[in-house]
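Novice: File follows, model02.cif with mmCIF, C-alpha atoms and all ligand atoms:
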```cif
data_final
#
loop_
_atom_site.label_atom_id
_atom_site.label_comp_id
_atom_site.auth_asym_id
_atom_site.auth_seq_id
_atom_site.Cartn_x
_atom_site.Cartn_y
_atom_site.Cartn_z
CA MET A 206 -5.57 -5.59 -12.43
CA ASN A 207 -3.27 -2.62 -12.06
CA LEU A 208 -3.99 -0.95 -8.76
CA VAL A 209 -2.38 1.86 -6.84
CA LEU A 210 -3.39 2.19 -3.20
CA ILE A 211 -2.65 5.68 -2.03
CA GLY A 212 -3.06 7.30 1.36
CA PRO A 213 -1.16 8.86 4.24
CA PRO A 214 1.03 6.81 6.61
CA GLY A 215 -1.24 4.79 8.89
CA ALA A 216 -4.18 4.77 6.46
CA GLY A 217 -3.99 0.97 6.22
CA LYS A 218 -2.40 0.65 2.77
CA GLY A 219 -0.18 -2.27 3.76
CA THR A 220 -2.96 -4.30 5.34
CA GLN A 221 -5.43 -3.59 2.58
CA ALA A 222 -2.92 -4.10 -0.23
CA ALA A 223 -2.17 -7.58 1.14
CA CYS A 224 -5.90 -8.51 1.22
CA VAL A 225 -6.65 -7.09 -2.22
CA ALA A 226 -3.56 -8.65 -3.82
CA LEU A 227 -4.55 -12.05 -2.42
CA ALA A 228 -8.12 -11.71 -3.67
CA TRP A 229 -7.04 -10.71 -7.16
CA GLY A 230 -4.07 -13.08 -7.45
CA VAL A 231 -1.49 -10.37 -8.12
CA PRO A 232 1.60 -9.35 -6.13
CA ARG A 233 1.56 -6.61 -3.50
CA ILE A 234 4.48 -4.33 -4.23
CA SER A 235 5.38 -2.23 -1.23
CA THR A 236 8.19 0.17 -2.00
CA GLY A 237 8.68 0.82 1.73
CA ASP A 238 9.21 -2.92 2.35
CA ILE A 239 11.68 -3.20 -0.52
CA LEU A 240 13.66 -0.25 0.85
CA ARG A 241 13.60 -1.58 4.43
CA ARG A 242 14.89 -4.96 3.22
CA ALA A 243 17.68 -3.19 1.30
CA ILE A 244 18.69 -1.36 4.48
CA GLU A 245 18.63 -4.56 6.56
CA SER A 246 20.76 -6.45 4.08
CA GLY A 247 23.28 -3.59 3.89
CA GLU A 248 23.16 -3.39 0.10
CA PRO A 249 24.18 -0.12 -1.64
CA LEU A 250 20.53 0.87 -2.24
CA GLY A 251 19.87 0.58 1.51
CA VAL A 252 22.91 2.66 2.40
CA ALA A 253 21.80 5.34 -0.10
CA VAL A 254 18.24 5.65 1.25
CA ALA A 255 18.67 5.07 4.99
CA ASP A 256 19.07 8.75 5.97
CA ALA A 257 16.00 9.93 4.07
CA MET A 258 13.88 7.14 5.54
CA THR A 259 15.07 7.80 9.08
CA ARG A 260 14.07 11.47 8.74
CA GLY A 261 10.67 10.56 7.29
CA ASP A 262 11.63 12.16 3.98
CA LEU A 263 11.09 10.80 0.51
CA VAL A 264 13.72 8.85 -1.38
CA SER A 265 14.59 10.50 -4.71
CA ASP A 266 12.33 10.02 -7.70
CA GLU A 267 15.24 8.64 -9.75
CA VAL A 268 15.99 5.88 -7.23
CA MET A 269 12.31 5.02 -6.93
CA ALA A 270 11.83 4.92 -10.71
CA GLU A 271 14.61 2.36 -11.10
CA LEU A 272 13.38 0.27 -8.17
CA VAL A 273 9.79 0.10 -9.43
CA SER A 274 10.83 -0.45 -13.03
CA ASN A 275 12.87 -3.49 -11.95
CA ARG A 276 10.11 -4.85 -9.75
CA LEU A 277 7.37 -4.49 -12.37
CA ALA A 278 9.56 -6.41 -14.81
CA HIS A 279 9.31 -9.56 -12.64
CA PRO A 280 7.09 -12.22 -14.25
CA ASP A 281 4.73 -12.29 -11.24
CA ALA A 282 3.66 -8.73 -12.05
CA SER A 283 2.93 -9.40 -15.71
CA HIS A 284 -0.81 -9.83 -15.08
CA GLY A 285 -1.18 -6.99 -12.64
CA PHE A 286 -0.09 -5.63 -9.28
CA VAL A 287 -1.13 -3.75 -6.20
CA LEU A 288 1.27 -0.89 -5.62
CA ASP A 289 1.53 0.19 -1.98
CA GLY A 290 3.56 3.37 -1.44
CA PHE A 291 4.23 4.34 -5.05
CA PRO A 292 3.72 6.85 -6.64
CA ARG A 293 4.27 9.47 -3.94
CA THR A 294 5.05 12.42 -6.22
CA VAL A 295 3.60 13.63 -9.51
CA ALA A 296 6.96 12.83 -11.19
CA GLN A 297 6.61 9.22 -9.97
CA ALA A 298 3.03 9.07 -11.29
CA VAL A 299 4.29 10.15 -14.72
CA THR A 300 7.03 7.50 -14.51
CA LEU A 301 4.46 4.85 -13.66
CA ASP A 302 2.39 5.77 -16.72
CA GLY A 303 5.43 5.07 -18.87
CA LEU A 304 6.27 1.80 -17.11
CA ILE A 305 2.80 0.30 -17.57
CA GLU A 306 2.07 1.50 -21.07
CA GLY A 307 0.21 -1.25 -22.92
CA ARG A 308 -0.65 -3.13 -19.71
CA GLY A 309 -4.26 -1.99 -19.42
CA PRO A 310 -5.91 0.69 -17.32
CA LEU A 311 -4.65 1.84 -13.94
CA THR A 312 -7.07 2.12 -11.02
CA VAL A 313 -6.17 4.36 -8.11
CA VAL A 314 -7.85 3.99 -4.74
CA GLU A 315 -7.28 6.60 -2.06
CA LEU A 316 -7.75 5.56 1.57
CA SER A 317 -9.05 8.52 3.51
CA VAL A 318 -8.51 8.66 7.30
CA PRO A 319 -8.55 11.69 9.66
CA ALA A 320 -5.11 12.88 10.87
CA SER A 321 -5.87 12.30 14.56
CA GLU A 322 -6.69 8.65 13.83
CA LEU A 323 -3.52 8.27 11.73
CA LEU A 324 -1.30 9.40 14.61
CA ARG A 325 -3.10 7.07 17.01
CA ARG A 326 -2.60 4.12 14.67
CA LEU A 327 1.06 4.89 13.97
CA SER A 328 1.84 5.08 17.70
CA GLN A 329 0.44 1.56 18.15
CA ARG A 330 1.22 -0.36 15.01
CA ARG A 331 3.57 -3.30 14.80
CA VAL A 332 4.80 -4.80 11.57
CA CYS A 333 6.19 -8.20 10.65
CA SER A 334 9.96 -8.05 10.26
CA VAL A 335 9.78 -10.82 7.64
CA CYS A 336 6.72 -10.32 5.40
CA GLY A 337 6.19 -6.63 6.17
CA VAL A 338 2.46 -6.97 6.80
CA ASN A 339 1.01 -5.04 9.74
CA ALA A 340 -0.24 -6.94 12.76
CA ALA A 341 -4.05 -6.91 12.85
CA SER A 342 -5.31 -3.94 14.85
CA SER A 343 -7.18 -6.48 16.99
CA ALA A 344 -3.98 -8.47 17.76
CA PRO A 345 -3.23 -8.45 21.52
CA SER A 346 0.00 -6.64 22.46
CA SER A 347 1.21 -9.96 23.96
CA GLN A 348 1.27 -11.45 20.45
CA SER A 349 4.89 -11.26 19.35
CA SER A 350 4.83 -13.04 16.01
CA CYS A 351 3.08 -12.79 12.67
CA PRO A 352 1.14 -15.77 11.22
CA CYS A 353 4.12 -16.20 8.83
CA GLY A 354 6.40 -16.76 11.84
CA GLY A 355 8.22 -13.41 11.60
CA GLU A 356 8.74 -11.23 14.65
CA LEU A 357 6.38 -8.26 15.14
CA VAL A 358 8.35 -5.04 15.63
CA LEU A 359 7.75 -1.28 15.94
CA ARG A 360 8.85 0.78 12.97
CA PRO A 361 11.42 3.45 13.90
CA ASP A 362 9.77 5.93 11.52
CA ASP A 363 6.47 5.54 13.41
CA ASP A 364 8.04 7.48 16.29
CA GLU A 365 5.78 10.52 16.82
CA SER A 366 8.07 13.27 15.53
CA VAL A 367 9.02 11.27 12.41
CA ALA A 368 5.39 10.26 11.88
CA ARG A 369 4.33 13.94 11.95
CA GLU A 370 7.02 14.72 9.38
CA ARG A 371 5.80 11.87 7.15
CA LEU A 372 2.25 13.24 7.33
CA ALA A 373 3.52 16.69 6.34
CA VAL A 374 5.46 15.16 3.44
CA TYR A 375 2.29 13.38 2.35
CA THR A 376 0.33 16.64 2.29
CA ARG A 377 3.08 18.48 0.45
CA ALA A 378 4.30 15.91 -2.08
CA THR A 379 1.62 13.25 -2.41
CA SER A 380 -1.66 15.20 -2.27
CA PRO A 381 -0.93 16.61 -5.76
CA VAL A 382 -0.82 12.99 -7.00
CA LEU A 383 -4.48 12.68 -6.01
CA GLU A 384 -5.30 15.70 -8.17
CA PHE A 385 -3.25 14.21 -11.02
CA TYR A 386 -5.39 11.05 -11.04
CA LYS A 387 -8.66 12.84 -10.25
CA ALA A 388 -8.22 15.00 -13.35
CA ARG A 389 -8.22 11.90 -15.54
CA GLY A 390 -11.11 10.20 -13.71
CA ALA A 391 -9.00 7.33 -12.34
CA LEU A 392 -9.32 8.16 -8.63
CA ARG A 393 -11.76 6.49 -6.25
CA THR A 394 -11.83 7.43 -2.60
CA VAL A 395 -12.66 4.89 0.09
CA ASN A 396 -13.31 5.63 3.76
CA GLY A 397 -10.37 3.98 5.52
CA ASN A 398 -11.71 4.75 8.98
CA LEU A 399 -13.85 1.63 9.20
CA PRO A 400 -13.26 -1.96 10.37
CA GLU A 401 -10.62 -3.66 8.20
CA ASN A 402 -13.02 -6.07 6.46
CA ASP A 403 -15.40 -3.24 5.55
CA VAL A 404 -12.55 -1.25 4.03
CA THR A 405 -11.45 -4.30 2.01
CA GLU A 406 -14.99 -4.79 0.72
CA ARG A 407 -15.24 -1.14 -0.31
CA ILE A 408 -11.91 -1.28 -2.09
CA ASN A 409 -12.94 -4.39 -4.01
CA LEU A 410 -16.19 -2.72 -5.01
CA ALA A 411 -14.36 0.47 -5.99
CA ILE A 412 -12.09 -1.58 -8.24
CA ASP A 413 -14.92 -3.61 -9.78
CA PRO A 414 -18.58 -3.01 -8.87
CA LEU A 415 -19.28 -6.56 -10.13
CA PHE A 416 -16.81 -8.08 -7.70
CA ASP A 417 -18.67 -10.93 -6.09
CA LYS A 418 -17.01 -12.13 -2.98
CA TYR A 419 -17.29 -13.64 0.42
CA ILE A 420 -14.99 -13.89 3.39
CA ASP A 421 -13.89 -17.42 4.02
CA GLU A 422 -14.84 -17.52 7.66
CA LEU A 423 -12.37 -20.26 8.46
CA HIS A 424 -9.32 -18.59 7.03
CA GLY A 425 -10.37 -14.98 7.04
CA THR A 426 -9.21 -14.57 3.47
CA TRP A 427 -11.00 -13.05 0.52
CA THR A 428 -12.05 -15.58 -2.09
CA ARG A 429 -13.27 -14.92 -5.61
CA ARG A 430 -16.22 -17.04 -6.64
CA THR A 431 -16.98 -15.61 -10.06
CA PRO A 432 -14.64 -15.48 -13.03
CA PHE A 433 -13.05 -12.17 -13.90
CA PHE A 434 -15.32 -9.57 -15.41
CA THR A 435 -18.40 -11.72 -15.90
CA SER A 436 -21.74 -10.60 -14.56
P1 LIG A 501 6.10 3.19 3.66
O1 LIG A 501 6.44 1.86 4.22
O2 LIG A 501 5.34 3.12 2.37
O3 LIG A 501 5.44 4.09 4.68
O4 LIG A 501 7.47 3.90 3.28
C1 LIG A 501 8.48 4.13 4.26
C2 LIG A 501 9.48 5.13 3.75
O5 LIG A 501 10.12 4.64 2.56
C3 LIG A 501 8.92 6.48 3.35
O6 LIG A 501 8.74 7.35 4.47
C4 LIG A 501 10.01 6.99 2.39
O7 LIG A 501 11.14 7.41 3.10
C5 LIG A 501 10.38 5.70 1.65
N1 LIG A 501 9.54 5.50 0.45
C6 LIG A 501 8.70 4.46 0.21
N2 LIG A 501 8.11 4.59 -0.98
C7 LIG A 501 8.58 5.74 -1.51
C8 LIG A 501 8.33 6.45 -2.72
N3 LIG A 501 7.44 6.00 -3.63
N4 LIG A 501 8.99 7.62 -2.93
C9 LIG A 501 9.89 8.08 -2.06
N5 LIG A 501 10.15 7.48 -0.88
C10 LIG A 501 9.51 6.31 -0.60
#
```
For this file, produce the structure as structure tokens.
Ligand code: AMP
Specialist:
Amino acid sequence: MNLVLIGPPGAGKGTQAACVALAWGVPRISTGDILRRAIESGEPLGVAVADAMTRGDLVSDEVMAELVSNRLAHPDASHGFVLDGFPRTVAQAVTLDGLIEGRGPLTVVELSVPASELLRRLSQRRVCSVCGVNAASSAPSSQSSCPCGGELVLRPDDDESVARERLAVYTRATSPVLEFYKARGALRTVNGNLPENDVTERINLAIDPLFDKYIDELHGTWTRRTPFFTS
């Protein structure tokens, strides 16, 4: 399963990518998380990208191509992946085509959410400083840690002026990527302005209309109960 989740900042890509990756048994690859970790650890990649990220700008296509190429070469991605945050430009989409040649079809799901709701979400969201997953929107503000034990923090680039810049960058640089995939019939659009579980269900159905699933009520995780691609 080769999936790209695409959508503006605050659309819920991180949350949904984590659910879908778990359900399908493939890694979630968040380019934003990889870059944030590189900045935290002070490695050369982090130093090179910190300014662009602080401004809400995109990191260069060349840097992103190398990063994603390396990550997709890991054995855990050999049977598929959920990409969260890549591609963000048409040049990156072309790069991705080359990187996954021979790996089966690519499915692209766009999460669509109105701009006013995106800004509201970005002003409130907290993310885990360890695993990078967003705190559930229903989590009380008194909750300070993620289920993995990591501390929940605000993202500096969710500050309103930077968030507005990131939305503008999305419209300018990433909207053409939607057209790129639409033209080849690979794009499915899901309403991201619904409760989290409903969005997850719609994504799973957009990926595979035969996906037969239930929510494990005890653990709140998606569980597959039919083998792949059998009816
Ligand atoms: P995200 O966590 O996906 O919202 O990404 C946070 C920031 O990382 C973005 O605002 C960009 O500065 C950078 N970034 C992440 N993915 C990409 C990408 N595919 N291309 C360029 N910049 C990226």
Novice: For a quick check of understanding, using only C-alpha atoms, which of A:Gln329, A:Asn275, A:Gln297, A:Asn396 has the smallest distance to Gly215 in chain A?
Specialist: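 Smallest separation from Gly215 in chain A among the options: A:Gln329.
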Novice: Enter the distance from CA of Thr405 in chain A to CA of Gln221 in chain A, in Å, rounded to one decimal.
Specialist: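 Going from CA of Thr405 in chain A over to CA of Gln221 in chain A, I get 6.1 Å.
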Novice: Taking only C-alpha atoms and all ligand atoms into account, which residues are within 8 Å of ligand LIG 501 (chain A), as a ChimeraX atom specification?
Specialist: /A:214-215,219,235-238,240-241,254,257-266,269,289-294,297,362,371
Novice: Determine, counting all atoms listed in the file, which protein, DNA and RNA residues have an atom within 9 Å of an atom of Gly397 in chain A; residues of the same chain fewer than 5 positions away are not included. Present the result as a PyMOL selection string.
Specialist: chain A and resi 216-217+315-319+403-404
Novice: So what do you get for CA of Cys353 in chain A versus CA of Leu410 in chain A, distance-wise?
Specialist: 28.0 Å
Novice: What is the CA of Leu392 in chain A to CA of Val314 in chain A distance in Å?
Specialist: 5.9 Å
Novice: For Arg326 in chain A, which residue out of A:Leu301, A:Leu359, A:Met206, A:Ala411 is the nearest one, using only C-alpha atoms?
Specialist: A:Leu359
Novice: Please identify all polymer residues within 6 Å of range 332-346 of chain A, counting only C-alpha atoms, omitting same-chain residues fewer than 6 positions from it, and present them as a VMD selection string.
Specialist: chain A and resid 220 355 to 358
Novice: Excluding Thr379 in chain A and any residue of its chain fewer than 2 positions from it, enumerate the residues within 10 Å of it, using all atoms listed in the file, and give them as an MDAnalysis selection string.
Specialist: chainID A and resid 211:213 291:295 297:298 372:377 381:385
